[in-house]
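Next comes data_27.pdb, with PDB, C-alpha atoms and all ligand atoms.
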ATOM      1  CA  MET A  86      10.598   8.967 -27.183
ATOM      2  CA  THR A  87       8.700   6.357 -25.223
ATOM      3  CA  GLY A  88       6.765   6.037 -21.971
ATOM      4  CA  CYS A  89       7.810   3.993 -18.944
ATOM      5  CA  HIS A  90       5.654   0.839 -18.749
ATOM      6  CA  VAL A  91       5.262   1.250 -14.981
ATOM      7  CA  CYS A  92       4.729   4.983 -14.314
ATOM      8  CA  GLY A  93       4.219   6.353 -17.834
ATOM      9  CA  LEU A  94       6.997   8.974 -17.670
ATOM     10  CA  VAL A  95       7.884  10.000 -21.235
ATOM     11  CA  GLN A  96      11.607   9.966 -21.930
ATOM     12  CA  ARG A  97      14.169   9.743 -24.733
ATOM     13  CA  VAL A  98      15.242   6.164 -25.464
ATOM     14  CA  THR A  99      17.837   5.071 -28.015
ATOM     15  CA  PRO A 100      16.252   2.199 -29.999
ATOM     16  CA  GLY A 101      17.816  -1.197 -29.306
ATOM     17  CA  GLN A 102      19.468   0.045 -26.137
ATOM     18  CA  ALA A 103      18.461  -0.768 -22.540
ATOM     19  CA  ALA A 104      17.313   2.247 -20.529
ATOM     20  CA  THR A 105      16.169   2.855 -16.956
ATOM     21  CA  CYS A 106      13.305   5.134 -15.939
ATOM     22  CA  PRO A 107      14.653   8.095 -13.908
ATOM     23  CA  ARG A 108      11.377   8.333 -11.938
ATOM     24  CA  CYS A 109      10.653   4.712 -10.878
ATOM     25  CA  GLU A 110      13.816   2.866 -12.001
ATOM     26  CA  ALA A 111      11.862   0.385 -14.156
ATOM     27  CA  ARG A 112      13.376  -0.840 -17.427
ATOM     28  CA  VAL A 113      12.037   1.118 -20.380
ATOM     29  CA  HIS A 114      11.271  -0.366 -23.804
ATOM     30  CA  MET A 115       8.843   0.237 -26.673
ATOM     31  CA  ARG A 116       5.116  -0.416 -26.148
ATOM     32  CA  LYS A 117       3.839  -3.992 -26.245
ATOM     33  CA  PRO A 118       1.968  -4.722 -29.523
ATOM     34  CA  ASP A 119      -1.772  -5.638 -29.491
ATOM     35  CA  SER A 120      -1.649  -5.534 -25.702
ATOM     36  CA  LEU A 121      -5.400  -5.414 -25.039
ATOM     37  CA  SER A 122      -6.597  -8.065 -27.501
ATOM     38  CA  ARG A 123      -3.832 -10.510 -26.539
ATOM     39  CA  SER A 124      -4.489 -10.045 -22.823
ATOM     40  CA  TRP A 125      -8.246 -10.517 -23.361
ATOM     41  CA  ALA A 126      -7.718 -13.737 -25.371
ATOM     42  CA  LEU A 127      -5.422 -15.234 -22.702
ATOM     43  CA  LEU A 128      -7.685 -14.089 -19.881
ATOM     44  CA  LEU A 129     -10.841 -15.582 -21.436
ATOM     45  CA  ALA A 130      -8.987 -18.873 -21.975
ATOM     46  CA  ALA A 131      -7.991 -18.799 -18.291
ATOM     47  CA  TYR A 132     -11.659 -18.241 -17.272
ATOM     48  CA  VAL A 133     -12.793 -21.202 -19.414
ATOM     49  CA  LEU A 134     -10.133 -23.510 -17.916
ATOM     50  CA  TYR A 135     -10.931 -22.340 -14.376
ATOM     51  CA  ILE A 136     -14.145 -24.426 -14.667
ATOM     52  CA  PRO A 137     -12.514 -27.862 -15.324
ATOM     53  CA  ALA A 138      -9.734 -26.913 -12.864
ATOM     54  CA  ASN A 139     -12.393 -26.849 -10.153
ATOM     55  CA  LEU A 140     -14.740 -29.577 -11.436
ATOM     56  CA  LEU A 141     -12.214 -32.251 -12.493
ATOM     57  CA  PRO A 142     -10.479 -34.300  -9.788
ATOM     58  CA  MET A 143      -7.240 -32.857  -8.445
ATOM     59  CA  MET A 144      -6.294 -35.913  -6.440
ATOM     60  CA  VAL A 145      -7.063 -39.557  -7.105
ATOM     61  CA  THR A 146      -6.706 -41.579  -3.895
ATOM     62  CA  SER A 147      -6.386 -45.367  -4.212
ATOM     63  CA  THR A 148      -6.711 -47.568  -1.124
ATOM     64  CA  ILE A 149      -7.668 -51.199  -0.630
ATOM     65  CA  PHE A 150     -11.219 -49.914  -0.088
ATOM     66  CA  GLY A 151     -11.414 -48.367  -3.522
ATOM     67  CA  VAL A 152     -10.652 -45.241  -5.522
ATOM     68  CA  GLN A 153     -11.723 -41.782  -4.401
ATOM     69  CA  GLN A 154     -11.483 -38.670  -6.540
ATOM     70  CA  ASP A 155     -11.174 -35.225  -4.970
ATOM     71  CA  THR A 156     -11.646 -31.821  -6.550
ATOM     72  CA  ILE A 157      -9.951 -28.769  -5.002
ATOM     73  CA  MET A 158     -13.136 -27.890  -3.110
ATOM     74  CA  SER A 159     -13.875 -31.415  -1.841
ATOM     75  CA  GLY A 160     -10.239 -31.559  -0.701
ATOM     76  CA  VAL A 161     -10.696 -28.291   1.211
ATOM     77  CA  VAL A 162     -13.915 -29.616   2.795
ATOM     78  CA  LEU A 163     -12.134 -32.882   3.696
ATOM     79  CA  PHE A 164      -9.275 -31.022   5.403
ATOM     80  CA  TRP A 165     -11.741 -28.759   7.219
ATOM     81  CA  THR A 166     -13.958 -31.565   8.523
ATOM     82  CA  SER A 167     -10.958 -33.689   9.560
ATOM     83  CA  GLY A 168      -9.649 -30.820  11.695
ATOM     84  CA  SER A 169      -6.760 -29.636   9.468
ATOM     85  CA  TRP A 170      -8.094 -26.071   9.395
ATOM     86  CA  MET A 171      -4.756 -24.419   8.541
ATOM     87  CA  LEU A 172      -4.289 -26.745   5.564
ATOM     88  CA  ALA A 173      -7.890 -26.121   4.453
ATOM     89  CA  VAL A 174      -7.344 -22.333   4.589
ATOM     90  CA  ILE A 175      -3.969 -22.507   2.770
ATOM     91  CA  VAL A 176      -5.318 -24.711  -0.038
ATOM     92  CA  PHE A 177      -8.506 -22.644  -0.386
ATOM     93  CA  THR A 178      -6.533 -19.366  -0.541
ATOM     94  CA  ALA A 179      -3.779 -20.578  -2.896
ATOM     95  CA  SER A 180      -5.903 -22.729  -5.191
ATOM     96  CA  ILE A 181      -9.317 -21.037  -5.344
ATOM     97  CA  LEU A 182      -9.238 -17.481  -3.962
ATOM     98  CA  VAL A 183      -5.918 -16.099  -5.306
ATOM     99  CA  PRO A 184      -6.325 -17.423  -8.899
ATOM    100  CA  LEU A 185      -9.875 -15.997  -9.012
ATOM    101  CA  LEU A 186      -8.796 -12.608  -7.592
ATOM    102  CA  LYS A 187      -6.016 -12.451 -10.212
ATOM    103  CA  LEU A 188      -8.597 -13.099 -12.966
ATOM    104  CA  PHE A 189     -10.930 -10.399 -11.564
ATOM    105  CA  ALA A 190      -8.072  -7.873 -11.205
ATOM    106  CA  MET A 191      -6.955  -8.393 -14.818
ATOM    107  CA  THR A 192     -10.581  -8.158 -16.039
ATOM    108  CA  TYR A 193     -11.006  -4.850 -14.177
ATOM    109  CA  LEU A 194      -7.754  -3.450 -15.646
ATOM    110  CA  LEU A 195      -8.644  -4.517 -19.206
ATOM    111  CA  LEU A 196     -12.209  -3.172 -18.914
ATOM    112  CA  THR A 197     -11.141   0.249 -17.562
ATOM    113  CA  VAL A 198      -8.370   0.646 -20.161
ATOM    114  CA  GLY A 199     -10.769  -0.521 -22.910
ATOM    115  CA  ARG A 200     -13.267   2.149 -21.788
ATOM    116  CA  ARG A 201     -10.404   4.728 -21.767
ATOM    117  CA  SER A 202     -11.050   5.430 -18.105
ATOM    118  CA  ALA A 203      -8.933   8.171 -16.519
ATOM    119  CA  ALA A 204      -9.932   7.237 -12.962
ATOM    120  CA  GLU A 205      -7.383   6.336 -10.288
ATOM    121  CA  PRO A 206      -4.357   5.538 -12.490
ATOM    122  CA  GLU A 207      -2.132   5.228  -9.398
ATOM    123  CA  SER A 208      -4.266   2.569  -7.691
ATOM    124  CA  ARG A 209      -4.799   0.699 -10.966
ATOM    125  CA  THR A 210      -1.026   0.655 -11.547
ATOM    126  CA  ARG A 211      -0.577  -0.603  -7.984
ATOM    127  CA  LEU A 212      -3.180  -3.349  -8.630
ATOM    128  CA  TYR A 213      -1.280  -4.381 -11.778
ATOM    129  CA  ARG A 214       1.994  -4.550  -9.851
ATOM    130  CA  ILE A 215       0.345  -6.762  -7.203
ATOM    131  CA  VAL A 216      -0.920  -9.127  -9.935
ATOM    132  CA  GLU A 217       2.589  -9.228 -11.437
ATOM    133  CA  LEU A 218       4.105  -9.852  -8.003
ATOM    134  CA  ILE A 219       1.688 -12.734  -7.297
ATOM    135  CA  GLY A 220       2.443 -14.053 -10.802
ATOM    136  CA  ARG A 221       6.071 -14.445  -9.833
ATOM    137  CA  TRP A 222       4.995 -16.639  -6.907
ATOM    138  CA  SER A 223       2.186 -18.448  -8.700
ATOM    139  CA  MET A 224       4.122 -21.703  -8.935
ATOM    140  CA  LEU A 225       3.418 -21.655  -5.192
ATOM    141  CA  ASP A 226      -0.138 -22.772  -6.055
ATOM    142  CA  VAL A 227       1.181 -25.927  -7.704
ATOM    143  CA  PHE A 228       3.658 -26.354  -4.853
ATOM    144  CA  VAL A 229       0.790 -26.342  -2.336
ATOM    145  CA  VAL A 230      -0.952 -29.150  -4.230
ATOM    146  CA  ALA A 231       2.285 -31.179  -4.284
ATOM    147  CA  LEU A 232       2.736 -30.576  -0.545
ATOM    148  CA  VAL A 233      -0.811 -31.679   0.223
ATOM    149  CA  VAL A 234      -0.402 -34.826  -1.885
ATOM    150  CA  ALA A 235       2.815 -35.638   0.004
ATOM    151  CA  LEU A 236       1.205 -35.004   3.404
ATOM    152  CA  VAL A 237      -1.848 -37.117   2.724
ATOM    153  CA  GLN A 238       0.355 -39.886   1.349
ATOM    154  CA  ILE A 239       2.419 -39.980   4.546
ATOM    155  CA  ARG A 240      -0.672 -39.984   6.771
ATOM    156  CA  SER A 241      -2.932 -42.487   5.070
ATOM    157  CA  LEU A 242      -0.418 -44.728   3.249
ATOM    158  CA  ALA A 243      -2.701 -44.522   0.234
ATOM    159  CA  THR A 244      -1.585 -44.159  -3.365
ATOM    160  CA  ILE A 245      -2.335 -40.630  -4.539
ATOM    161  CA  THR A 246      -1.935 -39.444  -8.086
ATOM    162  CA  ALA A 247      -2.636 -36.106  -9.728
ATOM    163  CA  GLY A 248      -5.997 -35.905 -11.532
ATOM    164  CA  ALA A 249      -6.892 -34.129 -14.786
ATOM    165  CA  GLY A 250      -7.838 -31.066 -12.735
ATOM    166  CA  THR A 251      -4.161 -30.320 -12.042
ATOM    167  CA  THR A 252      -3.470 -29.909 -15.780
ATOM    168  CA  ALA A 253      -6.355 -27.446 -16.131
ATOM    169  CA  PHE A 254      -5.245 -25.701 -12.937
ATOM    170  CA  GLY A 255      -1.657 -25.341 -14.193
ATOM    171  CA  ALA A 256      -3.017 -23.949 -17.473
ATOM    172  CA  VAL A 257      -5.085 -21.325 -15.574
ATOM    173  CA  VAL A 258      -1.960 -20.223 -13.654
ATOM    174  CA  VAL A 259       0.182 -19.953 -16.819
ATOM    175  CA  LEU A 260      -2.546 -18.242 -18.912
ATOM    176  CA  THR A 261      -3.187 -15.621 -16.197
ATOM    177  CA  LEU A 262       0.565 -15.027 -15.958
ATOM    178  CA  LEU A 263       0.798 -14.537 -19.749
ATOM    179  CA  ALA A 264      -2.288 -12.266 -19.772
ATOM    180  CA  SER A 265      -0.664  -9.953 -17.209
ATOM    181  CA  ARG A 266       2.638 -10.057 -19.146
ATOM    182  CA  CYS A 267       0.868  -9.032 -22.375
ATOM    183  CA  PHE A 268      -0.966  -6.177 -20.652
ATOM    184  CA  ASP A 269       0.850  -2.860 -21.118
ATOM    185  CA  SER A 270       0.127  -0.781 -18.000
ATOM    186  CA  ARG A 271       1.282   2.372 -19.842
ATOM    187  CA  LEU A 272      -2.205   2.258 -21.409
ATOM    188  CA  ILE A 273      -3.629   3.183 -17.964
ATOM    189  CA  TRP A 274      -1.553   6.374 -17.966
ATOM    190  CA  ASP A 275      -2.247   7.246 -21.630
ATOM    191  CA  HIS A 276      -5.875   8.048 -20.830
ATOM    192  CA  ALA A 277      -5.012   9.625 -17.471
ATOM    193  CA  ARG A 278      -2.654  12.047 -19.246
ATOM    194  CA  GLN A 279      -5.276  12.894 -21.897
ATOM    195  CA  GLU A 280      -7.709  13.770 -19.112
ATOM    196  CA  ASN A 281      -5.122  15.930 -17.293
ATOM    197  CA  SER A 282      -4.269  17.908 -20.449
ATOM    198  CA  HIS A 283      -7.858  19.275 -20.529
ATOM    199  CA  ASP A 284      -7.263  21.138 -17.250
TER     200      ASP A 284
HETATM  201 ZN    ZN B   1       8.786   4.916 -14.547
END
Whole structure, structure tokens version:
Amino acid sequence: MTGCHVCGLVQRVTPGQAATCPRCEARVHMRKPDSLSRSWALLLAAYVLYIPANLLPMMVTSTIFGVQQDTIMSGVVLFWTSGSWMLAVIVFTASILVPLLKLFAMTYLLLTVGRRSAAEPESRTRLYRIVELIGRWSMLDVFVVALVVALVQIRSLATITAGAGTTAFGAVVVLTLLASRCFDSRLIWDHARQENSHD
């Protein structure tokens, strides 16, 4: 017997054989080991690297006038002040807002499961599925940076290379992805079920 990792429905599963949840059609397998501690470790590493990702230069622009280094935020400000508002909004959302919201969402899920909270299992499961969904598209963040580099290169004819910030940024994206992969959302429903059985 095991529980579905998406909706928590308990069902009979033959070990070593693929099964599908009859309630939500998710694939069912045994529970992920050390889910909470692994997710916490990866998440904390992502938080630490979020700092250099935002402080170290993302773009290094070389022109005949000299070398200019841009962080994500100074890039956003540059786009905004030069009138490229759409680009400023896209870069800000993809590179600053979404990664931070993913970190906060995972922190909330890990904290509530750690405290054995029984509150709102449905909305917390939905939140987890959103994080997982964004995770699948998170290479989009890196794609946006590449696009911006290409655009600026065409416009200004300057030489633009990726700064050390991109490495830290890529690490944040991958670590957050791994943290959400390690998190077993069945844990949300474990405590919800315990609470319900007292009724
Ligand atoms: Zn299910």
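Distance check against ligand ZN 1 (chain B) using all atoms listed in the file: of A:Arg271, A:Arg214, A:Arg123, A:Lys117, the minimum falls on A:Arg271.
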Distance limit 9 Å, reference ligand ZN 1 (chain B), atoms considered: all atoms listed in the file. Which residues make the cut? Give them as an mmCIF file with C-alpha atoms, in the coordinates of the input.
data_model
loop_
_atom_site.group_PDB
_atom_site.id
_atom_site.type_symbol
_atom_site.label_atom_id
_atom_site.label_comp_id
_atom_site.auth_asym_id
_atom_site.auth_seq_id
_atom_site.Cartn_x
_atom_site.Cartn_y
_atom_site.Cartn_z
ATOM 1 C CA GLY A 88 6.765 6.037 -21.971
ATOM 2 C CA CYS A 89 7.810 3.993 -18.944
ATOM 3 C CA HIS A 90 5.654 0.839 -18.749
ATOM 4 C CA VAL A 91 5.262 1.250 -14.981
ATOM 5 C CA CYS A 92 4.729 4.983 -14.314
ATOM 6 C CA GLY A 93 4.219 6.353 -17.834
ATOM 7 C CA LEU A 94 6.997 8.974 -17.670
ATOM 8 C CA VAL A 95 7.884 10.000 -21.235
ATOM 9 C CA THR A 105 16.169 2.855 -16.956
ATOM 10 C CA CYS A 106 13.305 5.134 -15.939
ATOM 11 C CA PRO A 107 14.653 8.095 -13.908
ATOM 12 C CA ARG A 108 11.377 8.333 -11.938
ATOM 13 C CA CYS A 109 10.653 4.712 -10.878
ATOM 14 C CA GLU A 110 13.816 2.866 -12.001
ATOM 15 C CA ALA A 111 11.862 0.385 -14.156
ATOM 16 C CA ARG A 112 13.376 -0.840 -17.427
ATOM 17 C CA VAL A 113 12.037 1.118 -20.380
#
Step by step, work through what the PyMOL selection byres (((chain A and resi 164) around 12) and not hetatm) selects in the shown file, and finish by giving those residues as a VMD selection string.
chain A and resid 155 157 to 163 165 to 177 233 236 to 237
Produce a file of the selected residues containing C-alpha atoms, as an mmCIF file, in the coordinates of the input.
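Saved to out.cif:
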data_model
loop_
_atom_site.group_PDB
_atom_site.id
_atom_site.type_symbol
_atom_site.label_atom_id
_atom_site.label_comp_id
_atom_site.auth_asym_id
_atom_site.auth_seq_id
_atom_site.Cartn_x
_atom_site.Cartn_y
_atom_site.Cartn_z
ATOM 1 C CA ASP A 155 -11.174 -35.225 -4.970
ATOM 2 C CA ILE A 157 -9.951 -28.769 -5.002
ATOM 3 C CA MET A 158 -13.136 -27.890 -3.110
ATOM 4 C CA SER A 159 -13.875 -31.415 -1.841
ATOM 5 C CA GLY A 160 -10.239 -31.559 -0.701
ATOM 6 C CA VAL A 161 -10.696 -28.291 1.211
ATOM 7 C CA VAL A 162 -13.915 -29.616 2.795
ATOM 8 C CA LEU A 163 -12.134 -32.882 3.696
ATOM 9 C CA TRP A 165 -11.741 -28.759 7.219
ATOM 10 C CA THR A 166 -13.958 -31.565 8.523
ATOM 11 C CA SER A 167 -10.958 -33.689 9.560
ATOM 12 C CA GLY A 168 -9.649 -30.820 11.695
ATOM 13 C CA SER A 169 -6.760 -29.636 9.468
ATOM 14 C CA TRP A 170 -8.094 -26.071 9.395
ATOM 15 C CA MET A 171 -4.756 -24.419 8.541
ATOM 16 C CA LEU A 172 -4.289 -26.745 5.564
ATOM 17 C CA ALA A 173 -7.890 -26.121 4.453
ATOM 18 C CA VAL A 174 -7.344 -22.333 4.589
ATOM 19 C CA ILE A 175 -3.969 -22.507 2.770
ATOM 20 C CA VAL A 176 -5.318 -24.711 -0.038
ATOM 21 C CA PHE A 177 -8.506 -22.644 -0.386
ATOM 22 C CA VAL A 233 -0.811 -31.679 0.223
ATOM 23 C CA LEU A 236 1.205 -35.004 3.404
ATOM 24 C CA VAL A 237 -1.848 -37.117 2.724
#
Using only C-alpha atoms, I'd like a table of the residues in region 151-223 of chain A that come within 10 Å of region 242-255 of chain A; for each, show the closest atom pair and its distance in Å rounded to one decimal, ordered by chain and ascending number, as CSV.
residue,atom,partner,partner_atom,distance
A:Val152,CA,A:Thr244,CA,9.4
A:Gln153,CA,A:Ile245,CA,9.5
A:Gln154,CA,A:Gly248,CA,7.9
A:Asp155,CA,A:Gly248,CA,8.4
A:Thr156,CA,A:Gly250,CA,7.3
A:Ile157,CA,A:Gly250,CA,8.3
A:Ser180,CA,A:Phe254,CA,8.3
A:Ile181,CA,A:Phe254,CA,9.8
A:Pro184,CA,A:Phe254,CA,9.3
A:Ser223,CA,A:Gly255,CA,9.6
Taking the file as I've supplied it (selection: the PyMOL selection byres (((chain A and resi 256) around 12) and not hetatm)), which residues are included? Please answer as number ranges by chain.
A: 127-128, 130-138, 184, 223-224, 226-227, 249-255, 257-264
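You will find CA of Leu121 (chain A) at 20.5 Å from CA of Ile219 (chain A).
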Pairwise distance, CA of Leu182 (chain A) with CA of Ala126 (chain A), equals 21.8 Å
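For Leu212 (chain A), the set of protein, DNA and RNA residues having any atom at most 10 Å away, when counting all atoms listed in the file and skipping those fewer than 6 positions along the same chain, is Lys187, Ala190, Met191, Tyr193, Leu194, Pro206 and Leu218 of chain A.
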Have a look at A:Ser120, A:Leu185, A:Arg209, A:Leu272 and name the one nearest to Asn139 (chain A); count all atoms listed in the file.
A:Leu185
Find the smallest box with edges along x, y and z containing every listed atom of region 160-170 of chain A, then add 6 Å on each side and report centre and edge lengths in Å to one decimal, as JSON.
{"center_x": -10.4, "center_y": -29.9, "center_z": 5.5, "size_x": 19.2, "size_y": 19.6, "size_z": 24.4}
Please expand the PyMOL selection byres (((chain A and resi 201) around 12) and not hetatm) into the concrete residues it hits in this file, giving the result as an MDAnalysis selection string.
chainID A and resid 121 194:200 202:206 272:280
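With CA of Gln96 (chain A) on one side and CA of Trp125 (chain A) on the other, the separation reads 28.6 Å.
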Could you rebuild region 190-216 of chain A with N, CA and C atoms and give it back as a compact mmCIF listing (two decimals), in the coordinates of the input?
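File produced: result27.txt:
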# COMPACT_ATOMS: atom_id res chain seq x y z
N ALA A 190 -8.91 -9.08 -11.13
CA ALA A 190 -8.07 -7.87 -11.20
C ALA A 190 -7.71 -7.56 -12.65
N MET A 191 -7.31 -8.60 -13.41
CA MET A 191 -6.96 -8.39 -14.82
C MET A 191 -8.17 -7.96 -15.63
N THR A 192 -9.35 -8.53 -15.34
CA THR A 192 -10.58 -8.16 -16.04
C THR A 192 -10.89 -6.68 -15.80
N TYR A 193 -10.76 -6.25 -14.54
CA TYR A 193 -11.01 -4.85 -14.18
C TYR A 193 -10.06 -3.92 -14.93
N LEU A 194 -8.75 -4.28 -14.96
CA LEU A 194 -7.75 -3.45 -15.65
C LEU A 194 -8.05 -3.36 -17.14
N LEU A 195 -8.38 -4.50 -17.77
CA LEU A 195 -8.64 -4.52 -19.21
C LEU A 195 -9.92 -3.75 -19.54
N LEU A 196 -10.95 -3.88 -18.68
CA LEU A 196 -12.21 -3.17 -18.91
C LEU A 196 -12.02 -1.66 -18.81
N THR A 197 -11.31 -1.20 -17.76
CA THR A 197 -11.14 0.25 -17.56
C THR A 197 -10.27 0.86 -18.66
N VAL A 198 -9.21 0.13 -19.08
CA VAL A 198 -8.37 0.65 -20.16
C VAL A 198 -9.15 0.64 -21.48
N GLY A 199 -9.94 -0.42 -21.71
CA GLY A 199 -10.77 -0.52 -22.91
C GLY A 199 -11.77 0.62 -23.00
N ARG A 200 -12.30 1.05 -21.83
CA ARG A 200 -13.27 2.15 -21.79
C ARG A 200 -12.56 3.50 -21.72
N ARG A 201 -11.23 3.51 -21.81
CA ARG A 201 -10.40 4.73 -21.77
C ARG A 201 -10.65 5.52 -20.49
N SER A 202 -10.80 4.78 -19.38
CA SER A 202 -11.05 5.43 -18.10
C SER A 202 -9.81 6.20 -17.64
N ALA A 203 -10.04 7.38 -17.04
CA ALA A 203 -8.93 8.17 -16.52
C ALA A 203 -8.90 8.10 -14.99
N ALA A 204 -9.78 7.27 -14.42
CA ALA A 204 -9.93 7.24 -12.96
C ALA A 204 -8.81 6.47 -12.28
N GLU A 205 -8.31 7.03 -11.20
CA GLU A 205 -7.38 6.34 -10.29
C GLU A 205 -6.24 5.59 -10.98
N PRO A 206 -5.45 6.26 -11.84
CA PRO A 206 -4.36 5.54 -12.49
C PRO A 206 -3.34 4.97 -11.51
N GLU A 207 -3.12 5.70 -10.38
CA GLU A 207 -2.13 5.23 -9.40
C GLU A 207 -2.56 3.89 -8.79
N SER A 208 -3.84 3.81 -8.35
CA SER A 208 -4.27 2.57 -7.69
C SER A 208 -4.38 1.43 -8.69
N ARG A 209 -4.73 1.77 -9.97
CA ARG A 209 -4.80 0.70 -10.97
C ARG A 209 -3.40 0.18 -11.31
N THR A 210 -2.41 1.09 -11.32
CA THR A 210 -1.03 0.66 -11.55
C THR A 210 -0.56 -0.22 -10.39
N ARG A 211 -0.94 0.17 -9.17
CA ARG A 211 -0.58 -0.60 -7.98
C ARG A 211 -1.20 -2.00 -8.07
N LEU A 212 -2.48 -2.07 -8.47
CA LEU A 212 -3.18 -3.35 -8.63
C LEU A 212 -2.43 -4.24 -9.63
N TYR A 213 -2.01 -3.62 -10.76
CA TYR A 213 -1.28 -4.38 -11.78
C TYR A 213 0.03 -4.93 -11.22
N ARG A 214 0.72 -4.11 -10.43
CA ARG A 214 1.99 -4.55 -9.85
C ARG A 214 1.78 -5.69 -8.85
N ILE A 215 0.66 -5.66 -8.13
CA ILE A 215 0.34 -6.76 -7.20
C ILE A 215 0.12 -8.05 -7.98
N VAL A 216 -0.66 -7.94 -9.10
CA VAL A 216 -0.92 -9.13 -9.94
C VAL A 216 0.40 -9.69 -10.47
